[in-house]
Amino acid sequence: MDTPAALVTGGATRLGRYFAEALADKGFDIALHVNSSRGEAEEVADAIRGKDRECEILPCNFLEDSLEELITQAKTRFPGLNVLLNSASAYEPAPIARTDMAMLETQFRVNMFTPLLLTRHFAEAVEHGQVINIIDNKVAYHQYPYAAYLLSKKSLAEMTRMAALEFAPRLRINGIAPGVVLPASQRTSDYIQWRIEGIPVNHQGNPAHLVQALHYLLDNAFVAGQVLFVDGGESINLEGRHSENYPGERRD
């Protein structure tokens, strides 16, 4: 039988790398999508090959190149392809007042349109499999300073549920919404501590928590169309303001 294989988009950096290596640990050969991070991709490929798994680096610019060809290349190189993990992401903060068409097109093209079309072509190429979309726990909020990014991720969450219905039972499609796990390098320790104070479990997450979520979705055949929030309960911390938490003088 063909060895199972996974196509991981954005697999050379940040969370994508952890997911790619976790899948290799689980016995998958890896089709490693990369855009500009070629050096990092070579490092990840070496690490995966060190685990006695095959790894092929597949360059693709989501703004220019054929997504169907990316799936074809992955399936040709790895006939056992049965997992698509959409981790690649474009991120640029801006409120609606500073959002232009170019920003919208880039954010939606990478974060929403590409996972949708890759899912379509993956469904055409495999008999059975799974798709896992990496979303963001910010989809629980209406944080307008991230308008284009967040709207594209909200759309990805809805697409995950819609596609799960369309392609069942051949494909199981789910999502993971990470919280404070790998903050951007420019975030200060004060900022991270402030974020932690809003997390009910009162600590930051780490990539191992997301890998546990990945294993759960891969292994549980009765889970479909779900977006699993891995954020310490941050996204449910929406109590809002009311008379009992008003910090000023109460007047009953």
# chains A, B, ... in the order shown; residues from 1 in each chain; ligands from 1
>>> residues_around(residues="range 42-59 of chain A", least_positions_apart="5", cutoff="12 Å", atoms="only C-alpha atoms", output="NGL selection string")
:A and (3-14 or 16-37 or 64-67 or 69-78 or 80)
>>> select_by_dssp(residues="range 71-241 of chain A", states="strand (DSSP E or B)", output="short mmCIF file (atom, residue, chain, number, x, y, z; two decimals) with all heavy atoms, in the first residue's frame")
data_model
loop_
_atom_site.label_atom_id
_atom_site.label_comp_id
_atom_site.auth_asym_id
_atom_site.auth_seq_id
_atom_site.Cartn_x
_atom_site.Cartn_y
_atom_site.Cartn_z
N LEU A 81 -1.33 10.32 -0.96
CA LEU A 81 -1.80 11.59 -0.42
C LEU A 81 -3.23 11.47 0.09
O LEU A 81 -4.13 11.10 -0.65
CB LEU A 81 -1.74 12.66 -1.52
CG LEU A 81 -2.20 14.07 -1.12
CD1 LEU A 81 -1.19 14.72 -0.18
CD2 LEU A 81 -2.39 14.94 -2.36
N ASN A 82 -3.42 11.78 1.37
CA ASN A 82 -4.78 11.71 1.92
C ASN A 82 -5.07 12.78 2.96
O ASN A 82 -6.12 12.75 3.60
CB ASN A 82 -5.08 10.32 2.48
CG ASN A 82 -4.18 9.94 3.64
OD1 ASN A 82 -3.27 10.68 4.01
ND2 ASN A 82 -4.42 8.77 4.22
N VAL A 83 -4.14 13.73 3.15
CA VAL A 83 -4.38 14.85 4.06
C VAL A 83 -3.93 16.14 3.40
O VAL A 83 -2.84 16.20 2.80
CB VAL A 83 -3.62 14.67 5.40
CG1 VAL A 83 -3.63 15.96 6.22
CG2 VAL A 83 -4.23 13.53 6.22
N LEU A 84 -4.77 17.14 3.50
CA LEU A 84 -4.43 18.51 3.10
C LEU A 84 -4.55 19.38 4.33
O LEU A 84 -5.62 19.46 4.94
CB LEU A 84 -5.39 19.01 2.01
CG LEU A 84 -5.37 20.52 1.72
CD1 LEU A 84 -4.01 20.96 1.18
CD2 LEU A 84 -6.48 20.89 0.74
N LEU A 85 -3.44 20.01 4.72
CA LEU A 85 -3.46 20.89 5.87
C LEU A 85 -3.13 22.30 5.39
O LEU A 85 -2.01 22.57 4.95
CB LEU A 85 -2.45 20.42 6.94
CG LEU A 85 -2.60 21.10 8.30
CD1 LEU A 85 -2.18 20.15 9.42
CD2 LEU A 85 -1.77 22.38 8.40
N ASN A 86 -4.13 23.18 5.45
CA ASN A 86 -3.98 24.55 4.98
C ASN A 86 -3.51 25.45 6.12
O ASN A 86 -4.31 25.89 6.94
CB ASN A 86 -5.31 25.06 4.42
CG ASN A 86 -5.67 24.42 3.10
OD1 ASN A 86 -4.89 24.45 2.16
ND2 ASN A 86 -6.85 23.81 3.04
N ALA A 94 -5.12 46.26 9.62
CA ALA A 94 -5.61 47.57 9.21
C ALA A 94 -7.11 47.62 9.46
O ALA A 94 -7.81 46.64 9.21
CB ALA A 94 -5.33 47.84 7.73
N GLY A 129 -10.05 11.14 2.31
CA GLY A 129 -9.01 11.91 2.96
C GLY A 129 -9.57 12.90 3.96
O GLY A 129 -10.77 12.88 4.29
N GLN A 130 -8.67 13.77 4.40
CA GLN A 130 -9.05 14.79 5.37
C GLN A 130 -8.44 16.13 4.98
O GLN A 130 -7.34 16.19 4.44
CB GLN A 130 -8.55 14.42 6.77
CG GLN A 130 -9.17 13.18 7.35
CD GLN A 130 -8.77 12.99 8.80
OE1 GLN A 130 -8.99 13.87 9.64
NE2 GLN A 130 -8.18 11.85 9.11
N VAL A 131 -9.19 17.18 5.31
CA VAL A 131 -8.70 18.55 5.17
C VAL A 131 -8.78 19.20 6.54
O VAL A 131 -9.81 19.10 7.21
CB VAL A 131 -9.53 19.36 4.15
CG1 VAL A 131 -9.00 20.80 4.06
CG2 VAL A 131 -9.52 18.69 2.78
N ILE A 132 -7.69 19.84 6.92
CA ILE A 132 -7.66 20.58 8.19
C ILE A 132 -7.20 22.00 7.90
O ILE A 132 -6.10 22.22 7.36
CB ILE A 132 -6.74 19.91 9.22
CG1 ILE A 132 -7.27 18.50 9.55
CG2 ILE A 132 -6.64 20.76 10.48
CD1 ILE A 132 -6.39 17.71 10.49
N ASN A 133 -8.06 22.95 8.21
CA ASN A 133 -7.77 24.36 7.97
C ASN A 133 -7.32 25.03 9.28
O ASN A 133 -7.99 24.89 10.30
CB ASN A 133 -9.00 25.08 7.43
CG ASN A 133 -9.41 24.57 6.07
OD1 ASN A 133 -8.56 24.32 5.21
ND2 ASN A 133 -10.70 24.39 5.84
N ILE A 134 -6.21 25.75 9.21
CA ILE A 134 -5.73 26.48 10.37
C ILE A 134 -6.32 27.89 10.31
O ILE A 134 -6.05 28.64 9.37
CB ILE A 134 -4.19 26.53 10.42
CG1 ILE A 134 -3.64 25.10 10.29
CG2 ILE A 134 -3.74 27.18 11.72
CD1 ILE A 134 -4.19 24.10 11.29
N TYR A 146 -8.18 44.51 12.42
CA TYR A 146 -7.65 43.46 11.54
C TYR A 146 -8.67 43.13 10.46
O TYR A 146 -8.84 41.96 10.10
CB TYR A 146 -7.33 42.20 12.35
CG TYR A 146 -6.49 42.43 13.58
CD1 TYR A 146 -7.08 42.67 14.82
CD2 TYR A 146 -5.11 42.40 13.51
CE1 TYR A 146 -6.31 42.88 15.95
CE2 TYR A 146 -4.33 42.61 14.63
CZ TYR A 146 -4.93 42.84 15.85
OH TYR A 146 -4.16 43.05 16.97
N LEU A 171 -14.53 12.94 2.35
CA LEU A 171 -13.56 13.76 3.06
C LEU A 171 -14.14 14.17 4.41
O LEU A 171 -15.32 14.51 4.50
CB LEU A 171 -13.23 15.03 2.26
CG LEU A 171 -12.68 14.89 0.86
CD1 LEU A 171 -12.36 16.27 0.29
CD2 LEU A 171 -11.45 13.99 0.82
N ARG A 172 -13.30 14.15 5.42
CA ARG A 172 -13.63 14.79 6.69
C ARG A 172 -12.87 16.11 6.74
O ARG A 172 -11.66 16.14 6.56
CB ARG A 172 -13.24 13.93 7.88
CG ARG A 172 -14.26 12.87 8.22
CD ARG A 172 -14.09 12.33 9.63
NE ARG A 172 -12.76 11.85 9.93
CZ ARG A 172 -11.95 12.40 10.82
NH1 ARG A 172 -12.32 13.49 11.48
NH2 ARG A 172 -10.75 11.89 11.04
N ILE A 173 -13.61 17.19 6.98
CA ILE A 173 -13.01 18.52 6.94
C ILE A 173 -13.27 19.23 8.25
O ILE A 173 -14.42 19.33 8.70
CB ILE A 173 -13.56 19.33 5.75
CG1 ILE A 173 -13.27 18.58 4.44
CG2 ILE A 173 -12.98 20.74 5.73
CD1 ILE A 173 -13.84 19.24 3.20
N ASN A 174 -12.20 19.70 8.87
CA ASN A 174 -12.29 20.39 10.16
C ASN A 174 -11.28 21.54 10.20
O ASN A 174 -10.49 21.73 9.26
CB ASN A 174 -11.99 19.42 11.31
CG ASN A 174 -13.06 18.33 11.46
OD1 ASN A 174 -14.16 18.62 11.91
ND2 ASN A 174 -12.72 17.11 11.08
N GLY A 175 -11.32 22.29 11.28
CA GLY A 175 -10.39 23.40 11.44
C GLY A 175 -9.84 23.48 12.85
O GLY A 175 -10.43 22.94 13.80
N ILE A 176 -8.71 24.14 12.99
CA ILE A 176 -8.11 24.44 14.28
C ILE A 176 -7.96 25.95 14.38
O ILE A 176 -7.43 26.59 13.46
CB ILE A 176 -6.74 23.77 14.45
CG1 ILE A 176 -6.87 22.24 14.39
CG2 ILE A 176 -6.08 24.19 15.76
CD1 ILE A 176 -5.54 21.51 14.38
N ALA A 177 -8.43 26.53 15.49
CA ALA A 177 -8.33 27.97 15.71
C ALA A 177 -7.38 28.23 16.88
O ALA A 177 -7.81 28.17 18.04
CB ALA A 177 -9.71 28.58 15.98
N PRO A 178 -6.11 28.50 16.62
CA PRO A 178 -5.15 28.71 17.70
C PRO A 178 -5.35 30.06 18.39
O PRO A 178 -5.79 31.04 17.78
CB PRO A 178 -3.79 28.69 16.98
CG PRO A 178 -4.06 28.12 15.63
CD PRO A 178 -5.47 28.51 15.30
N VAL A 227 -14.70 23.49 14.11
CA VAL A 227 -13.55 24.37 14.29
C VAL A 227 -13.16 24.26 15.76
O VAL A 227 -13.91 24.71 16.64
CB VAL A 227 -13.86 25.82 13.90
CG1 VAL A 227 -12.66 26.71 14.20
CG2 VAL A 227 -14.24 25.91 12.42
N LEU A 228 -12.04 23.63 16.01
CA LEU A 228 -11.60 23.36 17.37
C LEU A 228 -10.74 24.52 17.86
O LEU A 228 -9.63 24.76 17.36
CB LEU A 228 -10.80 22.05 17.39
CG LEU A 228 -10.24 21.58 18.73
CD1 LEU A 228 -11.36 21.42 19.75
CD2 LEU A 228 -9.51 20.25 18.55
N PHE A 229 -11.26 25.26 18.84
CA PHE A 229 -10.53 26.39 19.41
C PHE A 229 -9.53 25.86 20.45
O PHE A 229 -9.93 25.18 21.40
CB PHE A 229 -11.50 27.38 20.06
CG PHE A 229 -12.23 28.24 19.07
CD1 PHE A 229 -13.26 27.72 18.31
CD2 PHE A 229 -11.87 29.56 18.89
CE1 PHE A 229 -13.94 28.50 17.39
CE2 PHE A 229 -12.53 30.36 17.98
CZ PHE A 229 -13.57 29.83 17.22
N VAL A 230 -8.27 26.18 20.23
CA VAL A 230 -7.21 25.77 21.15
C VAL A 230 -6.60 27.06 21.67
O VAL A 230 -5.59 27.56 21.17
CB VAL A 230 -6.16 24.89 20.44
CG1 VAL A 230 -5.13 24.37 21.44
CG2 VAL A 230 -6.84 23.72 19.72
#
>>> residues_around(residues="Gly198 in chain A", least_positions_apart="2", cutoff="10 Å", atoms="only C-alpha atoms", output="list in words")
Gln193, Trp194, Arg195, Ile196, Pro200, Val201, Asn202, His203, Gly232, Gly233, Glu234, Ser235 and Asn237 of chain A
>>> residues_around(residues="Lys153 in chain A", least_positions_apart="3", cutoff="6 Å", atoms="only C-alpha atoms", output="PyMOL selection string")
chain A and resi 135+150+156
>>> closest_residue(among="A:Ala90, A:Val211, A:Cys60, A:Leu218", to="Leu104 in chain A", atoms="only C-alpha atoms")
A:Ala90
>>> residues_around(residues="Leu117 in chain A", least_positions_apart="5", cutoff="9 Å", atoms="only C-alpha atoms", output="list in words")
Leu67, Glu68, Met112 and Phe122 of chain A
>>> decode(residues="range 163-175 of chain A", atoms="all heavy atoms", output="compact mmCIF listing (two decimals), in the first residue's frame")
# COMPACT_ATOMS: atom_id res chain seq x y z
N ALA A 163 -17.86 23.00 3.36
CA ALA A 163 -17.17 21.95 2.61
C ALA A 163 -17.32 20.59 3.29
O ALA A 163 -17.39 19.56 2.62
CB ALA A 163 -15.70 22.31 2.46
N ALA A 164 -17.38 20.60 4.63
CA ALA A 164 -17.56 19.34 5.35
C ALA A 164 -18.86 18.66 4.95
O ALA A 164 -18.93 17.43 4.86
CB ALA A 164 -17.53 19.59 6.85
N LEU A 165 -19.89 19.45 4.69
CA LEU A 165 -21.16 18.90 4.23
C LEU A 165 -21.07 18.42 2.79
O LEU A 165 -21.52 17.32 2.44
CB LEU A 165 -22.26 19.95 4.35
CG LEU A 165 -22.76 20.29 5.75
CD1 LEU A 165 -23.73 21.46 5.68
CD2 LEU A 165 -23.42 19.08 6.39
N GLU A 166 -20.47 19.25 1.95
CA GLU A 166 -20.44 18.93 0.52
C GLU A 166 -19.65 17.66 0.22
O GLU A 166 -20.05 16.86 -0.62
CB GLU A 166 -19.86 20.10 -0.27
CG GLU A 166 -19.76 19.81 -1.77
CD GLU A 166 -19.35 21.01 -2.58
OE1 GLU A 166 -19.29 22.13 -2.03
OE2 GLU A 166 -19.07 20.85 -3.79
N PHE A 167 -18.52 17.49 0.89
CA PHE A 167 -17.61 16.41 0.51
C PHE A 167 -17.70 15.18 1.41
O PHE A 167 -16.98 14.21 1.18
CB PHE A 167 -16.17 16.93 0.45
CG PHE A 167 -15.96 17.96 -0.63
CD1 PHE A 167 -15.78 19.29 -0.31
CD2 PHE A 167 -15.97 17.59 -1.96
CE1 PHE A 167 -15.59 20.25 -1.30
CE2 PHE A 167 -15.79 18.53 -2.96
CZ PHE A 167 -15.61 19.87 -2.64
N ALA A 168 -18.55 15.22 2.42
CA ALA A 168 -18.76 14.02 3.23
C ALA A 168 -19.52 12.98 2.39
O ALA A 168 -20.34 13.34 1.55
CB ALA A 168 -19.57 14.36 4.48
N PRO A 169 -19.27 11.70 2.58
CA PRO A 169 -18.34 11.13 3.58
C PRO A 169 -16.93 10.88 3.07
O PRO A 169 -16.10 10.38 3.81
CB PRO A 169 -19.02 9.80 3.91
CG PRO A 169 -19.62 9.38 2.60
CD PRO A 169 -20.09 10.66 1.94
N ARG A 170 -16.66 11.22 1.79
CA ARG A 170 -15.32 10.92 1.26
C ARG A 170 -14.24 11.68 2.00
O ARG A 170 -13.14 11.17 2.23
CB ARG A 170 -15.25 11.28 -0.23
CG ARG A 170 -16.00 10.36 -1.15
CD ARG A 170 -15.53 10.51 -2.59
NE ARG A 170 -15.54 11.89 -3.05
CZ ARG A 170 -14.45 12.59 -3.35
NH1 ARG A 170 -13.25 12.06 -3.20
NH2 ARG A 170 -14.55 13.83 -3.80
N LEU A 171 -14.53 12.94 2.35
CA LEU A 171 -13.56 13.76 3.06
C LEU A 171 -14.14 14.17 4.41
O LEU A 171 -15.32 14.51 4.50
CB LEU A 171 -13.23 15.03 2.26
CG LEU A 171 -12.68 14.89 0.86
CD1 LEU A 171 -12.36 16.27 0.29
CD2 LEU A 171 -11.45 13.99 0.82
N ARG A 172 -13.30 14.15 5.42
CA ARG A 172 -13.63 14.79 6.69
C ARG A 172 -12.87 16.11 6.74
O ARG A 172 -11.66 16.14 6.56
CB ARG A 172 -13.24 13.93 7.88
CG ARG A 172 -14.26 12.87 8.22
CD ARG A 172 -14.09 12.33 9.63
NE ARG A 172 -12.76 11.85 9.93
CZ ARG A 172 -11.95 12.40 10.82
NH1 ARG A 172 -12.32 13.49 11.48
NH2 ARG A 172 -10.75 11.89 11.04
N ILE A 173 -13.61 17.19 6.98
CA ILE A 173 -13.01 18.52 6.94
C ILE A 173 -13.27 19.23 8.25
O ILE A 173 -14.42 19.33 8.70
CB ILE A 173 -13.56 19.33 5.75
CG1 ILE A 173 -13.27 18.58 4.44
CG2 ILE A 173 -12.98 20.74 5.73
CD1 ILE A 173 -13.84 19.24 3.20
N ASN A 174 -12.20 19.70 8.87
CA ASN A 174 -12.29 20.39 10.16
C ASN A 174 -11.28 21.54 10.20
O ASN A 174 -10.49 21.73 9.26
CB ASN A 174 -11.99 19.42 11.31
CG ASN A 174 -13.06 18.33 11.46
OD1 ASN A 174 -14.16 18.62 11.91
ND2 ASN A 174 -12.72 17.11 11.08
N GLY A 175 -11.32 22.29 11.28
CA GLY A 175 -10.39 23.40 11.44
C GLY A 175 -9.84 23.48 12.85
O GLY A 175 -10.43 22.94 13.80
